[in-house]
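Chemist: You'll find upload04.cif just under this line, and it carries mmCIF, C-alpha atoms.
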data_structure
loop_
_atom_site.label_atom_id
_atom_site.label_comp_id
_atom_site.auth_asym_id
_atom_site.auth_seq_id
_atom_site.Cartn_x
_atom_site.Cartn_y
_atom_site.Cartn_z
CA MET A 1123 -4.02 -14.09 4.24
CA CYS A 1124 -2.44 -13.62 7.63
CA LEU A 1125 -4.55 -16.31 9.24
CA ALA A 1126 -2.46 -18.35 11.67
CA VAL A 1127 -3.55 -21.00 14.16
CA PRO A 1128 -1.97 -22.45 17.29
CA MET A 1129 -1.24 -26.18 17.02
CA LYS A 1130 0.36 -28.55 19.56
CA VAL A 1131 3.65 -30.30 18.79
CA ILE A 1132 3.25 -34.07 19.14
CA GLU A 1133 6.48 -35.24 17.52
CA LEU A 1134 9.72 -33.68 16.29
CA LEU A 1135 10.80 -34.88 12.87
CA PRO A 1136 14.14 -34.72 11.05
CA GLY A 1137 14.91 -31.78 8.74
CA GLU A 1138 13.52 -29.12 11.12
CA LYS A 1139 9.97 -30.45 10.82
CA ALA A 1140 7.36 -31.31 13.44
CA ARG A 1141 4.07 -33.16 13.58
CA VAL A 1142 1.41 -30.89 15.09
CA GLU A 1143 -2.20 -31.38 16.08
CA ARG A 1144 -5.35 -29.34 16.72
CA GLU A 1145 -8.83 -30.69 17.32
CA GLY A 1146 -7.92 -34.06 15.89
CA LEU A 1147 -6.37 -32.57 12.77
CA GLU A 1148 -2.71 -33.43 12.19
CA ALA A 1149 -0.16 -31.75 9.98
CA VAL A 1150 3.59 -31.73 9.37
CA VAL A 1151 5.04 -28.23 9.56
CA ASP A 1152 8.43 -26.59 9.15
CA VAL A 1153 9.89 -25.32 12.44
CA SER A 1154 13.07 -23.71 11.07
CA LEU A 1155 11.79 -20.16 11.73
CA VAL A 1156 11.36 -20.64 15.52
CA GLU A 1157 13.79 -21.36 18.34
CA GLN A 1158 13.96 -24.98 19.51
CA ALA A 1159 10.42 -26.37 19.35
CA ARG A 1160 9.62 -29.05 21.96
CA VAL A 1161 6.93 -31.72 22.20
CA GLY A 1162 3.93 -30.19 24.01
CA ASP A 1163 4.62 -26.64 22.79
CA TYR A 1164 1.87 -24.74 21.06
CA LEU A 1165 3.19 -23.21 17.85
CA ILE A 1166 1.50 -20.54 15.75
CA ILE A 1167 1.28 -22.01 12.26
CA HIS A 1168 1.02 -19.99 9.08
CA ALA A 1169 1.30 -21.45 5.55
CA GLY A 1170 2.92 -24.65 6.80
CA TYR A 1171 5.56 -22.87 8.90
CA ALA A 1172 5.69 -22.25 12.64
CA ILE A 1173 6.20 -18.51 13.13
CA GLN A 1174 6.21 -18.31 16.94
CA ALA A 1175 5.57 -20.31 20.11
CA LEU A 1176 2.37 -19.40 21.90
CA ASP A 1177 2.87 -18.15 25.47
CA LEU A 1178 0.31 -20.32 27.29
CA GLU A 1179 0.90 -18.76 30.71
CA GLU A 1180 0.20 -15.32 29.27
CA ALA A 1181 -2.95 -16.62 27.57
CA GLU A 1182 -4.28 -18.09 30.83
CA GLU A 1183 -3.35 -15.00 32.82
CA ARG A 1184 -5.21 -12.80 30.35
CA LEU A 1185 -8.36 -14.90 30.62
CA ARG A 1186 -8.08 -14.75 34.41
CA LEU A 1187 -7.89 -10.93 34.24
CA PHE A 1188 -10.91 -10.80 31.94
CA ALA A 1189 -12.85 -13.03 34.34
CA GLU A 1190 -11.82 -10.83 37.27
CA MET A 1191 -13.07 -7.74 35.46
CA ALA A 1192 -16.37 -9.47 34.70
CA GLU A 1193 -16.73 -10.54 38.32
CA LYS A 1194 -16.09 -6.99 39.56
CA GLU A 1195 -18.58 -5.52 37.12
CA ASN A 1196 -21.27 -8.04 37.79
CA PRO A 1197 -20.64 -10.01 41.01
CA GLY A 1198 -21.88 -13.57 41.20
CA SER A 1199 -22.74 -13.66 37.53
CA GLU A 1200 -20.47 -16.57 36.80
CA GLY A 1201 -22.81 -19.32 38.04
CA ARG A 1202 -20.42 -22.03 36.93
CA PRO A 1203 -18.73 -24.76 38.91
CA MET B 647 -7.46 -18.87 24.78
CA SER B 648 -9.82 -19.42 21.91
CA LEU B 649 -13.10 -21.04 21.03
CA ARG B 650 -14.67 -20.04 24.34
CA PRO B 651 -18.35 -20.84 24.47
CA ARG B 652 -20.31 -17.88 23.13
CA GLN B 653 -22.08 -17.11 26.36
CA GLU B 654 -18.90 -17.09 28.38
CA GLU B 655 -17.28 -14.84 25.81
CA ARG B 656 -20.17 -12.39 26.03
CA ARG B 657 -19.92 -12.30 29.83
CA LEU B 658 -16.20 -11.52 29.60
CA ALA B 659 -16.80 -8.95 26.86
CA GLU B 660 -19.26 -6.85 28.88
CA PRO B 661 -16.75 -5.08 31.14
CA LEU B 662 -14.54 -4.33 28.14
CA ILE B 663 -17.46 -2.79 26.28
CA GLY B 664 -18.40 -0.81 29.40
CA ALA B 665 -14.83 0.48 29.73
CA ILE B 666 -14.80 1.49 26.05
CA ARG B 667 -18.07 3.39 26.58
CA ARG B 668 -16.67 5.23 29.60
CA ALA B 669 -13.39 6.13 27.90
CA SER B 670 -15.15 7.21 24.69
CA GLY B 671 -17.36 9.57 26.72
CA LYS B 672 -14.24 11.58 27.57
CA LEU B 673 -13.34 12.07 23.92
CA GLY B 674 -16.05 14.56 23.00
CA ARG B 675 -15.63 13.82 19.30
CA GLU B 676 -15.79 11.05 16.75
CA VAL B 677 -12.60 8.99 16.35
CA ARG B 678 -11.61 6.82 13.41
CA LEU B 679 -9.66 3.66 14.18
CA MET B 680 -8.25 1.73 11.25
CA GLU B 681 -7.45 -1.96 11.08
CA VAL B 682 -4.88 -2.88 8.46
CA CYS B 683 -5.21 -6.64 8.48
CA GLY B 684 -7.74 -8.58 6.43
CA THR B 685 -8.03 -11.17 9.18
CA HIS B 686 -9.08 -8.35 11.53
CA THR B 687 -11.52 -7.07 8.91
CA VAL B 688 -13.26 -10.44 8.78
CA ALA B 689 -13.13 -10.97 12.56
CA ILE B 690 -14.67 -7.53 13.24
CA ARG B 691 -17.46 -8.00 10.72
CA ARG B 692 -18.19 -11.59 11.71
CA SER B 693 -18.36 -10.81 15.43
CA GLY B 694 -20.75 -7.89 14.90
CA LEU B 695 -18.48 -5.78 17.11
CA ARG B 696 -19.30 -2.52 15.39
CA SER B 697 -22.86 -2.57 16.69
CA LEU B 698 -21.60 -2.88 20.29
CA LEU B 699 -19.41 0.21 20.18
CA PRO B 700 -20.46 3.75 21.08
CA PRO B 701 -21.42 5.81 18.02
CA ASN B 702 -18.36 8.05 18.22
CA ILE B 703 -15.98 5.10 17.73
CA ARG B 704 -15.71 4.37 14.02
CA LEU B 705 -13.88 1.28 12.80
CA ILE B 706 -12.41 1.71 9.33
CA SER B 707 -10.91 -1.03 7.16
CA GLY B 708 -7.60 -0.22 5.51
CA PRO B 709 -5.31 -1.91 3.00
CA GLY B 710 -5.15 -5.15 4.99
CA CYS B 711 -5.43 -7.76 2.33
CA PRO B 712 -2.27 -8.48 0.31
CA VAL B 713 -4.33 -9.71 -2.64
CA CYS B 714 -6.40 -6.50 -2.67
CA VAL B 715 -3.35 -4.24 -2.81
CA THR B 716 -1.69 -6.15 -5.64
CA PRO B 717 -1.79 -4.00 -8.81
CA ALA B 718 -3.83 -5.31 -11.72
CA GLY B 719 -0.71 -5.18 -13.89
CA TYR B 720 0.88 -7.89 -11.74
CA ILE B 721 -1.99 -10.25 -12.59
CA ASP B 722 -1.64 -9.41 -16.26
CA ASN B 723 2.07 -10.19 -16.17
CA ALA B 724 1.30 -13.53 -14.51
CA LEU B 725 -1.34 -14.26 -17.15
CA ALA B 726 1.17 -13.40 -19.89
CA LEU B 727 3.52 -16.02 -18.42
CA LEU B 728 0.77 -18.64 -18.62
CA GLU B 729 -0.01 -17.76 -22.20
CA ARG B 730 3.58 -18.37 -23.24
CA ARG B 731 4.86 -21.88 -23.65
CA GLY B 732 6.99 -21.83 -20.62
CA PRO B 733 6.86 -21.86 -16.88
CA THR B 734 4.46 -23.52 -14.49
CA LEU B 735 2.98 -20.97 -12.09
CA ALA B 736 2.48 -21.64 -8.39
CA SER B 737 0.28 -19.41 -6.26
CA PHE B 738 -1.62 -19.17 -3.01
CA GLY B 739 -5.32 -19.73 -3.72
CA ASP B 740 -6.24 -16.21 -2.57
CA LEU B 741 -4.92 -14.66 -5.76
CA LEU B 742 -6.74 -16.82 -8.31
CA LYS B 743 -9.97 -14.91 -8.81
CA VAL B 744 -8.54 -11.39 -8.90
CA PRO B 745 -9.11 -9.87 -12.33
CA GLY B 746 -6.20 -8.21 -14.11
CA ALA B 747 -6.48 -5.00 -16.12
CA SER B 748 -7.54 -7.16 -19.07
CA GLY B 749 -10.43 -8.61 -17.04
CA GLY B 750 -8.94 -12.12 -17.09
CA SER B 751 -7.98 -14.00 -13.93
CA LEU B 752 -5.69 -16.89 -13.09
CA SER B 753 -8.64 -19.10 -12.16
CA GLY B 754 -9.44 -19.46 -15.88
CA HIS B 755 -6.25 -21.50 -16.18
CA LEU B 756 -6.99 -24.03 -13.44
CA GLY B 757 -7.01 -27.59 -14.68
CA GLY B 758 -4.67 -26.74 -17.54
CA GLY B 759 -1.77 -28.27 -15.65
CA ARG B 760 0.31 -25.10 -15.71
CA LEU B 761 -1.08 -23.47 -12.59
CA ARG B 762 -0.59 -25.01 -9.15
CA VAL B 763 -2.30 -23.83 -5.99
CA LEU B 764 -0.16 -24.16 -2.89
CA TYR B 765 -1.02 -24.16 0.78
CA SER B 766 2.62 -23.82 1.83
CA PRO B 767 5.75 -22.51 0.09
CA ALA B 768 7.47 -25.67 1.37
CA GLU B 769 5.67 -27.49 -1.47
CA LEU B 770 7.71 -25.51 -4.00
CA LEU B 771 10.80 -27.69 -3.61
CA GLU B 772 9.02 -30.90 -4.59
CA LEU B 773 7.15 -29.10 -7.36
CA ALA B 774 10.39 -27.76 -8.85
CA ARG B 775 12.06 -31.18 -8.59
CA SER B 776 9.20 -33.04 -10.25
CA SER B 777 8.54 -30.43 -12.93
CA GLY B 778 10.67 -30.66 -16.04
CA GLY B 779 10.62 -26.94 -16.71
CA PRO B 780 10.76 -23.65 -14.85
CA VAL B 781 8.39 -22.97 -11.93
CA VAL B 782 7.45 -19.39 -10.97
CA PHE B 783 6.02 -18.64 -7.53
CA LEU B 784 3.72 -15.63 -7.31
CA GLY B 785 5.04 -14.09 -4.10
CA ILE B 786 2.14 -12.29 -2.42
CA GLY B 787 1.95 -11.45 1.26
CA PHE B 788 2.87 -9.25 4.20
CA GLU B 789 5.60 -9.89 6.79
CA THR B 790 3.61 -12.84 8.21
CA THR B 791 4.06 -14.81 5.00
CA VAL B 792 7.40 -13.59 3.64
CA PRO B 793 9.67 -15.56 6.03
CA ALA B 794 8.03 -18.85 4.98
CA VAL B 795 8.60 -18.04 1.31
CA ALA B 796 12.16 -16.93 2.00
CA ALA B 797 12.89 -20.14 3.94
CA ALA B 798 11.70 -22.22 0.98
CA PHE B 799 13.83 -20.30 -1.54
CA LEU B 800 16.94 -20.41 0.67
CA ARG B 801 16.48 -24.17 0.90
CA ALA B 802 16.13 -24.33 -2.89
CA ALA B 803 19.42 -22.42 -3.16
CA GLU B 804 21.11 -24.90 -0.78
CA GLN B 805 19.82 -27.78 -2.88
CA GLY B 806 20.98 -26.14 -6.11
CA LEU B 807 17.50 -26.07 -7.69
CA ASP B 808 17.90 -23.81 -10.72
CA ASN B 809 14.40 -24.02 -12.20
CA LEU B 810 12.57 -22.22 -9.39
CA PHE B 811 11.80 -18.51 -9.73
CA LEU B 812 10.15 -15.86 -7.56
CA TYR B 813 7.91 -13.07 -8.82
CA PRO B 814 7.71 -10.92 -5.70
CA ALA B 815 4.80 -8.58 -4.94
CA PHE B 816 5.38 -8.66 -1.18
CA LYS B 817 4.36 -5.65 0.84
CA THR B 818 5.52 -4.41 4.23
CA VAL B 819 3.05 -2.83 6.63
CA PRO B 820 4.88 0.00 8.50
CA PRO B 821 5.63 2.12 5.37
CA ALA B 822 1.96 1.80 4.37
CA LEU B 823 0.88 3.14 7.78
CA GLY B 824 3.11 6.16 7.20
CA ALA B 825 1.60 6.66 3.74
CA LEU B 826 -1.93 6.45 5.17
CA LEU B 827 -1.15 9.14 7.74
CA ARG B 828 0.18 11.43 5.01
CA GLY B 829 -2.55 10.44 2.53
CA PRO B 830 -5.64 12.33 1.37
CA GLY B 831 -7.77 11.09 4.30
CA ARG B 832 -5.39 12.18 7.04
CA ASN B 833 -8.20 11.85 9.54
CA LEU B 834 -7.19 8.62 11.23
CA ASP B 835 -6.94 8.63 15.00
CA GLY B 836 -5.34 5.27 15.65
CA PHE B 837 -4.31 1.90 14.24
CA LEU B 838 -5.25 -1.59 15.35
CA LEU B 839 -1.89 -3.07 14.36
CA PRO B 840 -1.89 -6.49 12.69
CA GLY B 841 -1.30 -9.34 15.15
CA HIS B 842 0.49 -11.84 12.98
CA VAL B 843 2.57 -9.32 11.04
CA SER B 844 3.69 -8.16 14.48
CA VAL B 845 4.62 -11.72 15.50
CA ILE B 846 7.46 -11.25 13.03
CA LEU B 847 8.15 -7.51 13.45
CA GLY B 848 7.73 -6.91 17.18
CA LEU B 849 7.17 -3.32 18.34
CA GLU B 850 10.18 -1.37 17.05
CA PRO B 851 9.20 -0.93 13.38
CA TYR B 852 6.07 0.95 14.50
CA ARG B 853 7.87 3.46 16.76
CA PHE B 854 7.61 6.23 14.15
CA LEU B 855 3.90 6.39 15.09
CA GLU B 856 4.97 7.93 18.42
CA ALA B 857 6.61 10.93 16.68
CA PRO B 858 4.72 14.21 16.05
CA GLY B 859 2.09 13.64 13.37
CA GLY B 860 1.69 10.02 14.45
CA VAL B 861 -1.23 8.27 16.14
CA PRO B 862 -1.49 5.57 18.81
CA GLY B 863 -1.06 1.98 17.60
CA VAL B 864 -2.08 -1.19 19.45
CA ILE B 865 -1.02 -4.66 18.34
CA THR B 866 -4.21 -6.67 18.50
CA GLY B 867 -5.21 -10.34 18.32
CA PHE B 868 -8.14 -11.89 16.47
CA GLU B 869 -10.64 -13.19 19.02
CA PRO B 870 -13.54 -10.84 19.85
CA LEU B 871 -12.07 -10.24 23.33
CA ASP B 872 -8.69 -9.41 21.77
CA LEU B 873 -10.32 -6.92 19.42
CA LEU B 874 -12.21 -5.24 22.25
CA ARG B 875 -9.04 -5.00 24.29
CA GLY B 876 -7.19 -3.40 21.35
CA ILE B 877 -10.00 -0.90 20.81
CA LEU B 878 -10.11 -0.08 24.53
CA ALA B 879 -6.35 0.54 24.62
CA LEU B 880 -6.64 2.91 21.64
CA VAL B 881 -9.62 4.81 23.05
CA ARG B 882 -7.88 5.17 26.44
CA GLN B 883 -4.77 6.58 24.76
CA LEU B 884 -6.88 9.03 22.80
CA ALA B 885 -8.73 10.09 25.95
CA GLU B 886 -5.40 10.64 27.72
CA GLY B 887 -3.83 12.34 24.73
CA THR B 888 -0.95 9.86 24.43
CA ARG B 889 0.55 8.35 21.31
CA ARG B 890 2.26 5.06 22.08
CA VAL B 891 2.81 1.71 20.42
CA GLU B 892 1.31 -0.97 22.68
CA ASN B 893 1.14 -4.73 22.56
CA ALA B 894 -2.29 -6.20 23.41
CA TYR B 895 -1.51 -9.62 21.88
CA GLU B 896 1.23 -10.72 24.28
CA ARG B 897 0.55 -14.46 24.01
CA ALA B 898 1.76 -14.37 20.40
CA VAL B 899 3.83 -11.20 19.99
CA ARG B 900 7.18 -10.74 21.75
CA PRO B 901 8.49 -7.15 21.97
CA GLU B 902 11.42 -8.12 19.75
CA GLY B 903 9.21 -10.05 17.29
CA ASN B 904 10.79 -13.12 15.69
CA PRO B 905 14.42 -12.18 14.89
CA LYS B 906 15.14 -15.59 13.37
CA ALA B 907 12.33 -15.21 10.84
CA ARG B 908 13.43 -11.65 10.03
CA GLU B 909 16.98 -12.88 9.48
CA VAL B 910 15.77 -15.52 6.99
CA MET B 911 13.70 -12.87 5.23
CA SER B 912 16.54 -10.38 4.93
CA ARG B 913 19.09 -12.97 3.78
CA LEU B 914 17.03 -13.39 0.58
CA LEU B 915 15.26 -10.04 0.17
CA GLU B 916 15.88 -6.32 0.59
CA PRO B 917 13.49 -3.33 0.82
CA ALA B 918 12.36 -1.79 -2.45
CA ASP B 919 9.77 0.74 -3.55
CA ALA B 920 6.43 -0.91 -4.28
CA LEU B 921 3.24 -0.03 -6.07
CA TRP B 922 0.05 -0.60 -4.04
CA ARG B 923 -3.39 -0.79 -5.48
CA GLY B 924 -5.30 2.19 -4.09
CA LEU B 925 -2.30 3.78 -2.38
CA GLY B 926 0.10 4.14 -5.31
CA LEU B 927 3.88 3.99 -5.03
CA ILE B 928 5.16 3.81 -1.44
CA PRO B 929 8.93 4.06 -0.92
CA GLU B 930 10.61 1.00 0.65
CA SER B 931 7.28 -0.78 1.15
CA GLY B 932 8.11 -3.86 -0.88
CA LEU B 933 10.82 -6.49 -1.05
CA GLU B 934 13.00 -7.61 -3.91
CA LEU B 935 15.66 -10.28 -4.27
CA ARG B 936 19.16 -9.36 -3.11
CA PRO B 937 21.70 -9.23 -5.96
CA GLY B 938 23.25 -12.52 -4.79
CA PHE B 939 19.89 -14.25 -5.45
CA ALA B 940 19.09 -12.53 -8.77
CA GLY B 941 19.08 -15.99 -10.37
CA PHE B 942 15.64 -16.52 -8.75
CA ASP B 943 14.21 -13.35 -10.30
CA ALA B 944 11.26 -14.26 -12.54
CA ALA B 945 10.83 -10.70 -13.86
CA ARG B 946 14.41 -10.75 -15.12
CA ARG B 947 14.37 -14.33 -16.40
CA PHE B 948 11.11 -13.85 -18.35
CA GLY B 949 11.48 -10.15 -19.21
CA LEU B 950 8.33 -8.96 -17.40
CA PRO B 951 7.50 -5.23 -17.63
CA PRO B 952 7.05 -3.16 -14.42
CA VAL B 953 3.60 -3.51 -12.86
CA TRP B 954 0.95 -0.80 -13.24
CA ASN B 955 -2.33 0.17 -11.57
CA SER B 956 -5.62 0.06 -13.44
CA GLU B 957 -9.08 0.15 -11.86
CA PRO B 958 -12.25 -1.23 -13.43
CA ALA B 959 -14.77 1.49 -14.35
CA GLY B 960 -16.81 2.63 -11.35
CA CYS B 961 -14.88 0.44 -8.88
CA GLY B 962 -14.37 2.07 -5.49
CA CYS B 963 -11.61 -0.28 -4.27
CA ALA B 964 -8.97 2.46 -4.34
CA GLU B 965 -11.05 4.59 -1.94
CA VAL B 966 -12.03 1.60 0.20
CA LEU B 967 -8.38 0.54 0.60
CA GLN B 968 -7.47 4.01 1.89
CA GLY B 969 -10.38 4.05 4.33
CA LEU B 970 -11.95 6.97 2.45
CA GLN B 971 -15.15 5.11 1.61
CA GLU B 972 -17.20 2.43 3.38
CA PRO B 973 -17.71 -0.57 1.08
CA GLU B 974 -21.50 -0.09 1.24
CA ARG B 975 -21.19 3.43 -0.16
CA CYS B 976 -19.68 2.20 -3.44
CA PRO B 977 -22.36 2.48 -6.16
CA LEU B 978 -21.48 -1.03 -7.41
CA PHE B 979 -21.70 -2.69 -3.97
CA GLY B 980 -24.22 -5.53 -3.87
CA ARG B 981 -25.55 -4.66 -7.31
CA ALA B 982 -22.99 -4.90 -10.12
CA CYS B 983 -20.38 -6.17 -7.64
CA ALA B 984 -20.95 -9.17 -5.38
CA PRO B 985 -18.81 -12.17 -4.38
CA GLU B 986 -20.25 -14.32 -7.21
CA SER B 987 -19.51 -11.62 -9.78
CA PRO B 988 -16.84 -9.37 -8.29
CA VAL B 989 -15.64 -6.24 -10.06
CA GLY B 990 -12.75 -5.23 -7.82
CA PRO B 991 -10.27 -7.09 -5.62
CA CYS B 992 -11.89 -6.00 -2.33
CA MET B 993 -14.93 -8.10 -3.28
CA VAL B 994 -12.88 -10.96 -4.74
CA SER B 995 -10.74 -11.80 -1.75
CA SER B 996 -12.58 -13.39 1.16
CA GLU B 997 -10.58 -11.02 3.40
CA GLY B 998 -11.38 -7.97 1.30
CA ALA B 999 -13.33 -5.20 3.06
CA CYS B 1000 -16.17 -5.41 0.52
CA ALA B 1001 -16.51 -9.19 0.67
CA ALA B 1002 -16.55 -9.09 4.49
CA ALA B 1003 -19.16 -6.29 4.46
CA TYR B 1004 -21.28 -8.20 1.95
CA ARG B 1005 -21.14 -11.46 3.87
CA TYR B 1006 -21.57 -10.16 7.40
CA GLY B 1007 -22.98 -6.64 7.08
CA GLY B 1008 -22.69 -4.58 10.23
CA ALA B 1009 -21.59 -1.21 8.94
CA GLU B 1010 -22.60 1.93 10.76
CA ALA B 1011 -25.94 3.31 9.67
#
In structure tokens, what does this structure look like?

Modeler:
Amino acid sequence: MCLAVPMKVIELLPGEKARVEREGLEAVVDVSLVEQARVGDYLIIHAGYAIQALDLEEAEERLRLFAEMAEKENPGSEGRP
Amino acid sequence: MSLRPRQEERRLAEPLIGAIRRASGKLGREVRLMEVCGTHTVAIRRSGLRSLLPPNIRLISGPGCPVCVTPAGYIDNALALLERRGPTLASFGDLLKVPGASGGSLSGHLGGGRLRVLYSPAELLELARSSGGPVVFLGIGFETTVPAVAAAFLRAAEQGLDNLFLYPAFKTVPPALGALLRGPGRNLDGFLLPGHVSVILGLEPYRFLEAPGGVPGVITGFEPLDLLRGILALVRQLAEGTRRVENAYERAVRPEGNPKAREVMSRLLEPADALWRGLGLIPESGLELRPGFAGFDAARRFGLPPVWNSEPAGCGCAEVLQGLQEPERCPLFGRACAPESPVGPCMVSSEGACAAAYRYGGAEA
């Protein structure tokens, strides 16, 4: 029941609502539980309400650290452009 | 951050698995790590993670599914409301198939026009406006869900809607962790703390885990790499002999949680003792309406009796919810009890430990 998915804000709407999008799927959600949502933000959506903004920099940094660990463990294994 | 191609994910997972192996080698004993979030339960089973871990790391499912810990008596009270000529009931879909003590479930009333299934509590306002009579919302959920419900009811109060009622069976996670540590099992070594509950709570409400008698707790996300990272952090703490609350889901969880959501929640609701299926009565582990909002109280308005626990004969849900029994060890599992013909709530709910074990397998041999 605690499933929540990140969705990108594409438009702010009156009444503390926002239009959000993920993989071509659009929805209107309530943003009254988070601080100042902006267009382009990724919000974590649960039951039609945004419950937090996703920290994209942190997400990227974490993936970079994972990749670094993998590279150290198994050098040259990436084989990707 | 998500939906990485499988192969790439596996490549990134390898060092984490290697690090877990190395850290677990220093333990010299079996450790039991419990997840207390149904979304974790499903993610762990679906990813097949258990088979990748060293044999001395046991993952145990706890009371992570709000539907599964709702007492049967609550369902019976809801059914009694439907049998009267009276209110329309609104519920999240998760609750519909759970049998009450009488064996009946809400799903038998679908299509009768008196039971509405909601995706979002925001829909309650329109439902109350368009319905001539009273509307009762069956309030199920942990801290992830409660702020959304509270926001909808506070808006209803602003708009002066007087035909909307709340029948709360909300549960809060930290008191349940305390109860599990004091419970009959008492052999847990650490908690994978629920990611989205923690989005709301932050780290502070878990600090009691750091006191004597506590265990390490790591806030963990839901992707396979997140889960491995949470497990690694727990195993490292156990190897070092520390007992700290850590956040391994930083992209979503701020140390302070979401104060705005907590404020909305506590404007409407206050802590109250609550009855859990499997775990019994846990002090201050539920939420009830504050006196100023007693007008929303469905139990008062419709004279509902207190809820009670009642388990179907032979059903092992109570033991499964406490982590005392693997789903597969229940004598009913996969025979008398399966998702098409569930006996207990852990098989009914798609996030129940039994349903996840049935669908994905992957338990330790």

Chemist: Evaluate the PyMOL selection byres ((chain A) within 7 of (chain B)) here and jot the selected residues down as a list of chain:residue names.

Modeler: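 So the PyMOL selection byres ((chain A) within 7 of (chain B)), applied here, picks out A:Met1123, A:Cys1124, A:Leu1125, A:Leu1155, A:Val1156, A:Ala1169, A:Gly1170, A:Tyr1171, A:Gln1174, A:Leu1176, A:Asp1177, A:Leu1178, A:Glu1180, A:Ala1181, A:Glu1182, A:Phe1188, A:Ala1189, A:Met1191, A:Ala1192, A:Glu1195.
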
Chemist: When you draw a straight line from CA of Cys976 in chain B to CA of Cys961 in chain B, how long is it in Å?

Modeler: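 Computed distance, CA of Cys976 in chain B to CA of Cys961 in chain B, equals 7.5 Å.
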
Chemist: Expressed in Å to a single decimal, how great is the separation between CA of Val1127 in chain A and CA of Ser844 in chain B?

Modeler: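 According to the coordinates, CA of Val1127 in chain A and CA of Ser844 in chain B are separated by 14.7 Å.
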
Chemist: Quick check, in Å to one decimal: how far apart do CA of Asp1152 in chain A and CA of Arg775 in chain B lie?

Modeler: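 It comes out at 18.7 Å.
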
Chemist: Using all atoms listed in the file, can you tell me which of A:Leu1187, A:Leu1135, A:Val1142, A:Ile1173 comes closest to Glu1157 in chain A?

Modeler: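 Comparing A:Leu1187, A:Leu1135, A:Val1142, A:Ile1173 against Glu1157 in chain A, the winner is A:Ile1173.
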